[in-house]
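Shown next: run13.cif, given as mmCIF, C-alpha atoms.
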```
data_model
#
loop_
_atom_site.label_atom_id
_atom_site.label_comp_id
_atom_site.auth_asym_id
_atom_site.auth_seq_id
_atom_site.Cartn_x
_atom_site.Cartn_y
_atom_site.Cartn_z
CA MET A 72 49.12 78.04 122.13
CA LYS A 73 52.30 79.56 123.51
CA LYS A 74 54.11 76.26 122.88
CA VAL A 75 52.93 76.26 119.25
CA ILE A 76 54.05 79.85 118.70
CA LEU A 77 57.38 79.14 120.38
CA GLY A 78 57.87 76.03 118.20
CA LEU A 79 57.10 77.90 114.98
CA SER A 80 59.44 80.70 116.03
CA VAL A 81 62.28 78.28 116.66
CA ALA A 82 61.65 76.54 113.30
CA ALA A 83 61.61 79.87 111.45
CA LEU A 84 64.81 80.98 113.18
CA SER A 85 66.47 77.68 112.28
CA ALA A 86 65.47 78.02 108.62
CA PHE A 87 66.73 81.60 108.51
CA ALA A 88 69.97 80.66 110.23
CA SER A 89 70.74 77.83 107.82
CA ASN A 90 74.16 78.32 106.11
CA TYR A 91 75.13 81.26 108.30
CA GLU A 92 78.13 81.72 110.52
CA VAL A 93 78.96 84.07 113.41
CA GLY A 94 82.40 84.96 114.60
CA LEU A 95 84.41 86.81 117.16
CA GLY A 96 87.92 88.12 116.72
CA LEU A 97 90.60 90.28 118.28
CA GLY A 98 92.92 92.46 116.26
CA THR A 99 95.48 95.21 116.28
CA HIS A 100 96.11 98.06 113.87
CA ASN A 101 99.04 100.25 113.02
CA VAL A 102 98.06 103.60 111.50
CA SER A 103 100.43 105.17 108.98
CA ASN A 104 100.89 108.96 108.49
CA SER A 105 98.58 109.78 111.39
CA PRO A 106 98.69 111.20 114.93
CA LEU A 107 96.72 108.12 116.01
CA ASP A 108 98.50 105.56 118.14
CA ASP A 109 98.38 101.86 117.38
CA TYR A 110 95.22 100.35 118.80
CA ARG A 111 93.55 97.04 119.50
CA PHE A 112 89.97 96.19 118.61
CA LEU A 113 87.17 93.67 118.91
CA ASN A 114 85.59 92.26 115.71
CA VAL A 115 82.12 90.68 115.64
CA ARG A 116 80.85 89.24 112.36
CA ILE A 117 77.97 87.38 110.79
CA GLY A 118 78.38 85.71 107.40
CA LYS A 119 76.04 84.19 104.84
CA THR A 120 77.41 81.30 102.73
CA LEU A 121 76.84 81.88 99.01
CA PRO A 122 77.40 79.61 95.98
CA LYS A 123 80.85 78.96 94.47
CA GLY A 124 82.80 79.47 97.68
CA HIS A 125 81.66 83.02 98.48
CA VAL A 126 80.70 84.42 101.88
CA LEU A 127 78.94 87.77 102.49
CA ARG A 128 80.13 89.16 105.85
CA LEU A 129 78.70 91.96 108.01
CA GLU A 130 81.32 93.05 110.54
CA LEU A 131 81.07 95.35 113.60
CA GLU A 132 84.27 96.61 115.19
CA LYS A 133 85.04 98.59 118.33
CA SER A 134 88.48 99.63 119.56
CA THR A 135 89.46 98.53 123.03
CA ASP A 136 91.75 101.58 123.25
CA THR A 137 90.33 105.10 123.18
CA ILE A 138 90.91 107.45 120.28
CA GLY A 139 91.08 110.70 122.20
CA ASP A 140 88.39 110.16 124.79
CA ASN A 141 86.18 107.86 122.76
CA PRO A 142 86.45 104.40 121.21
CA LEU A 143 86.53 103.95 117.41
CA ARG A 144 83.62 102.04 115.81
CA ARG A 145 83.19 100.54 112.36
CA VAL A 146 80.49 98.86 110.29
CA ILE A 147 81.92 96.91 107.30
CA LEU A 148 80.36 94.76 104.59
CA ASN A 149 82.90 92.36 103.02
CA VAL A 150 82.72 89.69 100.34
CA GLU A 151 84.94 86.70 101.01
CA LYS A 152 86.15 84.26 98.32
CA ASP A 153 87.28 80.84 99.58
CA PHE A 154 89.82 78.93 97.56
CA ASN A 155 89.71 75.17 97.16
CA SER A 156 91.73 73.20 99.65
CA LYS A 157 92.03 69.45 100.13
CA GLY A 158 93.37 69.84 103.67
CA ARG A 159 91.97 71.25 106.88
CA CYS A 160 93.11 74.79 106.02
CA THR A 161 91.22 76.98 103.53
CA PRO A 162 92.82 80.22 102.27
CA TYR A 163 90.62 83.12 101.21
CA ALA A 164 90.63 86.76 100.15
CA PHE A 165 88.13 89.48 101.02
CA VAL A 166 87.24 92.99 99.88
CA GLY A 167 84.57 95.46 100.95
CA GLY A 168 83.82 98.79 102.54
CA GLY A 169 81.84 100.58 105.18
CA THR A 170 81.88 103.49 107.61
CA GLN A 171 84.06 104.49 110.57
CA ILE A 172 82.65 106.50 113.50
CA VAL A 173 84.72 108.32 116.10
CA GLU A 174 83.99 111.42 118.19
CA GLY A 175 86.48 114.23 118.56
CA PRO A 176 88.88 115.85 116.12
CA TYR A 177 89.31 112.60 114.12
CA LYS A 178 86.70 112.60 111.35
CA ASN A 179 83.95 110.09 110.68
CA THR A 180 84.65 108.58 107.27
CA ALA A 181 83.96 106.00 104.60
CA ILE A 182 86.48 103.19 104.53
CA GLY A 183 87.68 100.49 102.15
CA ASP A 184 88.73 97.06 103.38
CA LEU A 185 91.02 94.53 101.66
CA GLY A 186 92.88 91.47 102.91
CA LEU A 187 93.89 87.83 102.91
CA GLY A 188 93.04 85.13 105.39
CA ALA A 189 93.00 81.46 106.21
CA LYS A 190 90.64 79.37 108.29
CA ALA A 191 91.48 76.10 109.96
CA LYS A 192 88.78 73.54 110.62
CA ILE A 193 88.40 72.58 114.27
CA ASN A 194 85.31 70.42 113.76
CA GLU A 195 82.12 70.47 111.68
CA LYS A 196 80.91 73.68 113.39
CA PHE A 197 83.97 75.64 114.52
CA ASN A 198 86.77 77.25 112.50
CA ALA A 199 89.70 79.34 113.67
CA PHE A 200 90.75 82.20 111.40
CA LEU A 201 93.64 84.60 110.85
CA GLU A 202 93.41 87.69 108.63
CA LEU A 203 95.87 90.30 107.43
CA ARG A 204 94.10 93.54 106.58
CA GLY A 205 94.75 96.81 104.82
CA LEU A 206 92.06 99.41 105.60
CA ARG A 207 91.82 102.86 103.94
CA ASP A 208 90.39 105.87 105.82
CA PHE A 209 89.30 108.19 102.99
CA SER A 210 88.49 111.42 104.94
CA ASN A 211 91.54 111.40 107.20
CA ASN A 212 93.81 109.93 104.51
CA ASP A 213 95.07 107.23 106.84
CA ASN A 214 96.00 103.62 106.13
CA HIS A 215 95.31 101.10 108.90
CA PHE A 216 97.32 97.89 108.67
CA GLY A 217 96.53 95.08 111.01
CA ALA A 218 95.81 91.49 111.84
CA ILE A 219 92.78 89.71 113.28
CA VAL A 220 92.56 86.29 114.92
CA GLY A 221 89.34 84.67 115.96
CA ILE A 222 86.86 81.84 115.76
CA THR A 223 83.60 81.27 113.85
CA PHE A 224 80.59 79.06 114.49
CA SER A 225 78.46 77.73 111.61
CA PHE A 226 74.67 77.40 111.58
CA GLY A 227 74.00 74.57 109.12
CA SER A 228 76.56 73.90 106.38
CA ASN A 229 77.61 75.32 103.08
CA ALA A 230 75.04 74.19 100.49
CA GLU A 231 77.72 72.92 98.12
CA THR A 232 79.47 71.07 100.94
CA VAL A 233 76.22 69.39 101.93
CA LYS A 234 75.66 68.29 98.36
CA THR A 235 79.15 66.88 98.21
CA LYS A 236 78.69 64.94 101.42
CA GLU A 237 75.18 63.72 100.84
CA GLU A 238 75.36 62.87 97.17
CA PRO A 239 77.82 60.13 96.23
CA LYS A 240 80.33 60.91 93.56
CA PRO A 241 79.28 59.63 90.17
CA VAL A 242 80.62 56.15 89.58
CA VAL A 243 82.76 55.96 86.50
CA LYS A 244 82.21 52.56 84.99
CA VAL A 245 85.41 51.12 83.63
CA ALA A 246 84.89 48.45 80.99
CA PRO A 247 86.49 45.12 81.95
CA LYS A 248 89.82 44.66 80.20
CA ASP A 249 90.02 42.40 77.14
CA SER A 250 93.70 42.53 76.17
CA ASP A 251 93.45 40.38 73.01
CA ASN A 252 90.09 41.85 71.87
CA ASP A 253 88.52 38.44 71.39
CA GLY A 254 85.29 39.37 73.20
CA VAL A 255 86.17 37.53 76.43
CA ILE A 256 87.41 39.67 79.34
CA ASP A 257 90.82 38.88 80.78
CA ALA A 258 89.32 37.62 84.06
CA ASN A 259 87.53 34.82 82.17
CA ASP A 260 90.01 34.29 79.32
CA LYS A 261 91.78 30.93 79.63
CA CYS A 262 93.64 31.50 76.36
CA PRO A 263 95.06 35.05 76.48
CA ASN A 264 96.83 36.62 73.49
CA THR A 265 94.61 34.97 70.89
CA PRO A 266 95.55 36.30 67.40
CA ALA A 267 93.29 38.92 65.85
CA ASP A 268 90.05 37.84 64.15
CA VAL A 269 90.24 34.25 65.47
CA LYS A 270 86.89 32.87 66.63
CA VAL A 271 86.92 31.78 70.27
CA ASN A 272 84.62 29.93 72.66
CA THR A 273 83.24 31.25 75.97
CA ASN A 274 86.59 30.56 77.64
CA GLY A 275 88.43 32.74 75.11
CA CYS A 276 90.11 29.76 73.46
CA PRO A 277 90.19 29.33 69.63
CA ILE A 278 87.44 27.12 68.22
CA ASP A 279 88.48 23.50 67.52
CA SER A 280 85.50 22.11 65.60
CA ASP A 281 86.78 18.55 65.26
CA ASN A 282 88.25 18.40 68.78
CA ASP A 283 91.59 17.15 67.56
CA GLY A 284 93.59 19.59 69.69
CA VAL A 285 94.45 21.91 66.79
CA ALA A 286 92.44 25.13 66.54
CA ASP A 287 90.45 25.70 63.35
CA TYR A 288 92.61 28.64 62.24
CA LEU A 289 95.68 26.35 62.26
CA ASP A 290 93.95 23.13 61.17
CA LYS A 291 94.86 22.17 57.59
CA CYS A 292 92.77 19.00 57.86
CA PRO A 293 89.40 19.97 59.36
CA ASN A 294 86.77 17.39 60.28
CA THR A 295 89.28 14.79 61.45
CA ALA A 296 87.50 11.69 62.81
CA ALA A 297 87.15 11.41 66.58
CA ASN A 298 90.10 10.05 68.61
CA VAL A 299 92.48 10.16 65.64
CA LYS A 300 96.03 11.31 66.41
CA VAL A 301 97.03 14.36 64.41
CA ASP A 302 100.19 16.35 63.74
CA ALA A 303 100.76 20.08 64.39
CA ASN A 304 98.74 20.91 61.27
CA GLY A 305 95.71 18.96 62.49
CA CYS A 306 96.23 16.20 59.91
CA ALA A 307 96.01 12.51 60.79
CA ILE A 308 99.41 10.90 61.44
CA ASP A 309 100.84 8.99 58.48
CA SER A 310 103.85 7.22 59.97
CA ASP A 311 105.10 5.62 56.75
CA ASN A 312 104.34 8.66 54.57
CA ASP A 313 102.48 6.62 52.02
CA GLY A 314 99.58 9.06 51.80
CA VAL A 315 97.20 6.93 53.89
CA ALA A 316 96.71 7.98 57.52
CA ASP A 317 97.60 5.44 60.19
CA TYR A 318 94.00 4.97 61.30
CA LEU A 319 93.07 3.89 57.75
CA ASP A 320 96.32 2.11 56.85
CA LYS A 321 95.88 -1.67 56.77
CA CYS A 322 99.50 -2.12 55.73
CA PRO A 323 101.66 0.10 57.94
CA ASN A 324 105.39 0.66 57.47
CA THR A 325 105.24 0.62 53.67
CA PRO A 326 108.76 1.46 52.35
CA LYS A 327 109.41 4.71 50.54
CA GLY A 328 108.83 4.55 46.78
CA ILE A 329 106.01 2.02 46.88
CA LYS A 330 102.66 3.33 45.75
CA VAL A 331 99.75 2.11 47.81
CA ASP A 332 96.02 1.67 47.38
CA ALA A 333 93.28 3.31 49.46
CA SER A 334 93.94 0.85 52.28
CA GLY A 335 97.62 1.77 52.45
CA CYS A 336 98.73 -1.55 50.99
CA ALA A 337 101.40 -1.78 48.31
CA ALA A 338 100.13 -1.50 44.73
CA THR A 339 103.09 -0.70 42.48
CA PHE A 340 106.80 -0.07 42.71
CA ASN A 341 108.82 1.67 40.02
CA PHE A 342 112.41 0.47 40.05
CA GLY A 343 113.33 3.69 38.29
CA ILE A 344 115.70 1.87 35.99
CA THR A 345 116.54 3.72 32.78
CA PHE A 346 117.79 1.07 30.36
CA PRO A 347 120.17 1.96 27.53
CA ASN A 348 118.74 1.67 24.01
CA ASN A 349 118.19 -1.94 22.88
CA SER A 350 119.54 -3.26 26.23
CA ASP A 351 118.09 -5.40 29.01
CA LYS A 352 121.12 -5.10 31.32
CA ILE A 353 120.46 -3.43 34.66
CA PRO A 354 122.95 -0.57 35.23
CA ALA A 355 124.76 -1.00 38.55
CA LYS A 356 123.51 2.33 39.94
CA TYR A 357 119.93 0.99 40.03
CA MET A 358 120.68 -2.16 42.03
CA ASP A 359 120.02 -0.43 45.38
CA LYS A 360 116.36 -0.07 44.42
CA VAL A 361 116.16 -3.70 43.37
CA LYS A 362 117.67 -4.70 46.73
CA ALA A 363 115.19 -2.45 48.62
CA PHE A 364 112.25 -4.13 46.91
CA ALA A 365 113.68 -7.58 47.60
CA LYS A 366 113.94 -6.66 51.29
CA PHE A 367 110.33 -5.49 51.32
CA LEU A 368 109.07 -8.76 49.84
CA LYS A 369 111.10 -10.85 52.29
CA GLU A 370 109.78 -8.84 55.27
CA ASN A 371 106.19 -8.99 53.99
CA PRO A 372 105.49 -12.57 52.89
CA GLY A 373 101.85 -11.75 52.20
CA TYR A 374 102.79 -9.87 49.04
CA LYS A 375 103.37 -11.19 45.49
CA ALA A 376 104.53 -9.24 42.47
CA GLU A 377 104.38 -9.27 38.69
CA ILE A 378 107.50 -7.67 37.21
CA GLN A 379 106.41 -5.64 34.17
CA GLY A 380 108.76 -4.42 31.44
CA TYR A 381 108.17 -1.48 29.05
CA THR A 382 109.94 0.22 26.09
CA ASP A 383 109.66 3.44 24.16
CA ASN A 384 108.13 3.47 20.65
CA LYS A 385 111.33 3.37 18.69
CA GLY A 386 111.64 0.22 16.56
CA SER A 387 108.99 -2.32 15.65
CA ALA A 388 106.25 -3.28 18.06
CA SER A 389 107.24 -6.95 17.95
CA TYR A 390 110.86 -6.11 18.73
CA ASN A 391 109.83 -3.84 21.58
CA GLN A 392 107.56 -6.55 22.98
CA LYS A 393 110.47 -9.01 23.18
CA LEU A 394 112.83 -6.35 24.60
CA SER A 395 110.37 -5.38 27.32
CA GLU A 396 110.01 -9.01 28.35
CA LYS A 397 113.81 -9.38 28.57
CA ARG A 398 113.99 -6.31 30.80
CA ALA A 399 111.26 -7.65 33.09
CA LYS A 400 113.03 -11.02 33.29
CA ALA A 401 116.34 -9.31 34.16
CA VAL A 402 114.78 -7.72 37.24
CA TYR A 403 112.90 -10.95 38.05
CA ASN A 404 116.18 -12.90 38.03
CA ALA A 405 117.92 -10.26 40.18
CA LEU A 406 115.19 -10.53 42.84
CA ILE A 407 115.47 -14.30 42.97
CA LYS A 408 119.23 -14.01 43.38
CA LEU A 409 118.57 -11.68 46.30
CA GLY A 410 116.55 -14.37 48.08
CA VAL A 411 112.95 -13.78 46.99
CA SER A 412 111.03 -17.01 46.45
CA ALA A 413 110.26 -17.64 42.77
CA ASP A 414 106.71 -18.70 43.58
CA ARG A 415 105.95 -15.12 44.67
CA LEU A 416 107.16 -13.59 41.38
CA THR A 417 106.10 -13.53 37.74
CA TYR A 418 107.29 -11.36 34.85
CA LYS A 419 105.77 -10.05 31.64
CA GLY A 420 106.67 -7.65 28.80
CA TYR A 421 104.21 -4.96 27.71
CA GLY A 422 106.25 -3.38 24.90
CA GLU A 423 105.23 0.15 24.01
CA ALA A 424 102.00 0.04 26.05
CA ASN A 425 101.15 2.46 28.89
CA PRO A 426 103.78 5.17 28.33
CA ILE A 427 104.29 7.46 31.32
CA ALA A 428 105.93 10.27 29.31
CA SER A 429 105.99 11.61 25.78
CA ASN A 430 107.90 9.53 23.23
CA ASP A 431 108.58 12.71 21.24
CA THR A 432 111.57 13.65 23.41
CA ALA A 433 114.69 11.81 24.45
CA GLU A 434 113.88 12.40 28.11
CA GLY A 435 110.35 11.08 27.74
CA ARG A 436 111.51 7.97 25.90
CA ALA A 437 114.07 7.30 28.68
CA GLU A 438 111.27 7.33 31.27
CA ASN A 439 109.20 4.93 29.21
CA ARG A 440 112.04 2.38 29.12
CA ARG A 441 111.22 1.10 32.60
CA VAL A 442 110.41 -1.86 34.82
CA VAL A 443 107.73 -1.73 37.55
CA ALA A 444 106.33 -4.27 39.99
CA LYS A 445 102.57 -4.80 40.09
CA ILE A 446 101.96 -5.86 43.70
CA SER A 447 99.12 -7.99 45.01
CA HIS A 448 98.25 -8.72 48.63
#
```

Using the file provided, produce a representation of the structure as structure tokens.
Amino acid sequence: MKKVILGLSVAALSAFASNYEVGLGLGTHNVSNSPLDDYRFLNVRIGKTLPKGHVLRLELEKSTDTIGDNPLRRVILNVEKDFNSKGRCTPYAFVGGGTQIVEGPYKNTAIGDLGLGAKAKINEKFNAFLELRGLRDFSNNDNHFGAIVGITFSFGSNAETVKTKEEPKPVVKVAPKDSDNDGVIDANDKCPNTPADVKVNTNGCPIDSDNDGVADYLDKCPNTAANVKVDANGCAIDSDNDGVADYLDKCPNTPKGIKVDASGCAATFNFGITFPNNSDKIPAKYMDKVKAFAKFLKENPGYKAEIQGYTDNKGSASYNQKLSEKRAKAVYNALIKLGVSADRLTYKGYGEANPIASNDTAEGRAENRRVVAKISH
């Protein structure tokens, strides 16, 4: 039974002592405007830790020197305010009051206490402290100025400190960085700096629907067939610029100026000759085109051509028919002179038929006076 009582007593004492501290200090005072000599004293204190860095302290003091024939005694209740400190040293201020008892001619009196201090952490339980004090003796009208050094021992810990130690600091979640705002974080983005509003895949790279190597937002020719070479615009390569992509072109390297069919093979060639009125003579400035066509035929023996002549609508239809045939024959003869085999050429006049411009203007009529080659393969 005694063991039970003793155990409960110890538990109760421990609970009561939680967040308390006791201390012992030595000090000295200088007394102004008084017959009292300077004196030294012993300070014993007990403090209760309160919220928000406050400590309520009950202090008992006794002088080690006599005041007359008797020692001086004090009972003081102070409130201490600790200031935040990230280091081992915590500054604080305190204020309070109490009573001073001394026998003899020096009067017992109420006192006021005010000061600054600092405590240095030795370990989790012990702190050293230093205080500078100003104490007012109201009945004797004396001011006691002094300093106290000492040590305190803590029972338990400050409630706020315990909370800080035991409870982890809240984790501030920082969203992963996505510098180009494409929805893929930088750590996973294989194509950083994607332009705004461009759709990307899971790797952060712009979508390339036809897999031609050109992203959709740059691709001017979407849905290119698989394995087809494309240019920077995503369009199939057309090496001879005839309008038919290489992968569809059955007749590559078609010369400039020759119109081709859907297979990329030559269909027509306009010599671009503008004949003078009523003339079938080829002006010298157009001979370069005649020579270019002759070269094409010699390099591509699989082609044949019908040389077709045309006129405007001025004059009679029968006259224009004959004139158009003369113009076609003039080009036909020039090609043969340039080395094209006659068995690959024919010529025919079509008169006013198939105008390519209006005959109501001089410019339009000039365009209609032409010779073209109808090419077969």

Check: Interatomic distance between CA of Asp279 in chain A and CA of Cys262 in chain A?
Finding: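 Between CA of Asp279 in chain A and CA of Cys262 in chain A the gap works out to 13.0 Å.
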
Next item on the list: Could you check how far CA of Asp108 in chain A sits from CA of Gly188 in chain A, in Å to one decimal?
Entry: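 Separating CA of Asp108 in chain A from CA of Gly188 in chain A is a distance of 24.7 Å.
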
Next item on the list: Quick one: pull the distance between CA of Asn211 in chain A and CA of Gly118 in chain A, Å, one decimal.
Entry: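 Those two atoms sit 28.9 Å apart.
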
Checklist line | Result set, the PyMOL selection byres ((chain A and resi 268-273) around 12) on current file, as JSON, numbers by chain | finding: {"A": [251, 252, 253, 254, 255, 256, 257, 258, 259, 260, 261, 262, 263, 264, 265, 266, 267, 274, 275, 276, 277, 278, 279, 280, 286, 287, 288, 289]}

Go ahead and save the residues from that selection, with C-alpha atoms, as a PDB file, in the coordinates of the input.
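And here's selection-v8.pdb as it stands now:
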```
ATOM      1  CA  ASP A 251      93.450  40.380  73.010  1.00  0.00           C
ATOM      2  CA  ASN A 252      90.090  41.850  71.870  1.00  0.00           C
ATOM      3  CA  ASP A 253      88.520  38.440  71.390  1.00  0.00           C
ATOM      4  CA  GLY A 254      85.290  39.370  73.200  1.00  0.00           C
ATOM      5  CA  VAL A 255      86.170  37.530  76.430  1.00  0.00           C
ATOM      6  CA  ILE A 256      87.410  39.670  79.340  1.00  0.00           C
ATOM      7  CA  ASP A 257      90.820  38.880  80.780  1.00  0.00           C
ATOM      8  CA  ALA A 258      89.320  37.620  84.060  1.00  0.00           C
ATOM      9  CA  ASN A 259      87.530  34.820  82.170  1.00  0.00           C
ATOM     10  CA  ASP A 260      90.010  34.290  79.320  1.00  0.00           C
ATOM     11  CA  LYS A 261      91.780  30.930  79.630  1.00  0.00           C
ATOM     12  CA  CYS A 262      93.640  31.500  76.360  1.00  0.00           C
ATOM     13  CA  PRO A 263      95.060  35.050  76.480  1.00  0.00           C
ATOM     14  CA  ASN A 264      96.830  36.620  73.490  1.00  0.00           C
ATOM     15  CA  THR A 265      94.610  34.970  70.890  1.00  0.00           C
ATOM     16  CA  PRO A 266      95.550  36.300  67.400  1.00  0.00           C
ATOM     17  CA  ALA A 267      93.290  38.920  65.850  1.00  0.00           C
ATOM     18  CA  ASN A 274      86.590  30.560  77.640  1.00  0.00           C
ATOM     19  CA  GLY A 275      88.430  32.740  75.110  1.00  0.00           C
ATOM     20  CA  CYS A 276      90.110  29.760  73.460  1.00  0.00           C
ATOM     21  CA  PRO A 277      90.190  29.330  69.630  1.00  0.00           C
ATOM     22  CA  ILE A 278      87.440  27.120  68.220  1.00  0.00           C
ATOM     23  CA  ASP A 279      88.480  23.500  67.520  1.00  0.00           C
ATOM     24  CA  SER A 280      85.500  22.110  65.600  1.00  0.00           C
ATOM     25  CA  ALA A 286      92.440  25.130  66.540  1.00  0.00           C
ATOM     26  CA  ASP A 287      90.450  25.700  63.350  1.00  0.00           C
ATOM     27  CA  TYR A 288      92.610  28.640  62.240  1.00  0.00           C
ATOM     28  CA  LEU A 289      95.680  26.350  62.260  1.00  0.00           C
TER      29      LEU A 289
END
```

Check: Between A:Lys375, A:His100, A:Arg159, A:Arg116, which is the closest to Phe340 in chain A once you count only C-alpha atoms?
Finding: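 Result for the nearest residue to Phe340 in chain A: A:Lys375.
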
Next item on the list: Evaluate the PyMOL selection byres ((chain A and resi 295) around 10) on the structure here and hand back the selected residues as a PyMOL selection string.
Entry: chain A and resi 280-283+290+292-294+296-301+305-307

Picked residues, the PyMOL selection byres ((chain A and resi 103) around 12), as a tab-separated table (two decimals) with C-alpha atoms, in the frame of the given file:
```
chain	number	residue	atom	x	y	z
A	100	HIS	CA	96.11	98.06	113.87
A	101	ASN	CA	99.04	100.25	113.02
A	102	VAL	CA	98.06	103.60	111.50
A	104	ASN	CA	100.89	108.96	108.49
A	105	SER	CA	98.58	109.78	111.39
A	106	PRO	CA	98.69	111.20	114.93
A	107	LEU	CA	96.72	108.12	116.01
A	108	ASP	CA	98.50	105.56	118.14
A	109	ASP	CA	98.38	101.86	117.38
A	205	GLY	CA	94.75	96.81	104.82
A	206	LEU	CA	92.06	99.41	105.60
A	207	ARG	CA	91.82	102.86	103.94
A	208	ASP	CA	90.39	105.87	105.82
A	211	ASN	CA	91.54	111.40	107.20
A	212	ASN	CA	93.81	109.93	104.51
A	213	ASP	CA	95.07	107.23	106.84
A	214	ASN	CA	96.00	103.62	106.13
A	215	HIS	CA	95.31	101.10	108.90
A	216	PHE	CA	97.32	97.89	108.67
A	217	GLY	CA	96.53	95.08	111.01
```

Next item on the list: Mind listing whatever residues come within 8 Å of the point (97.5, 81.6, 105.9)? Use all atoms listed in the file, file coordinates, and give them as a VMD selection string.
Entry: chain A and resid 162 187 to 190 201 to 202

Atoms to include: C-alpha atoms. Write the selected residues as a short mmCIF file (atom, residue, chain, number, x, y, z; two decimals), in the coordinates of the input.
```cif
data_model
loop_
_atom_site.label_atom_id
_atom_site.label_comp_id
_atom_site.auth_asym_id
_atom_site.auth_seq_id
_atom_site.Cartn_x
_atom_site.Cartn_y
_atom_site.Cartn_z
CA PRO A 162 92.82 80.22 102.27
CA LEU A 187 93.89 87.83 102.91
CA GLY A 188 93.04 85.13 105.39
CA ALA A 189 93.00 81.46 106.21
CA LYS A 190 90.64 79.37 108.29
CA LEU A 201 93.64 84.60 110.85
CA GLU A 202 93.41 87.69 108.63
#
```

Output, as AutoDock Vina command-line options, the centre and edge lengths in Å (one decimal) of the axis-aligned box that contains all listed atoms of range 182-193 of chain A with 6 Å of margin on each side.
```
--center_x 90.2 --center_y 87.9 --center_z 108.0 --size_x 19.4 --size_y 42.6 --size_z 24.6
```

Note to self: I'd like to know which of A:Tyr318, A:Phe112, A:Phe346, A:Phe197 is closest to Asp383 in chain A, using only C-alpha atoms.
What the structure shows: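 Distance minimum relative to Asp383 in chain A lands on A:Phe346.
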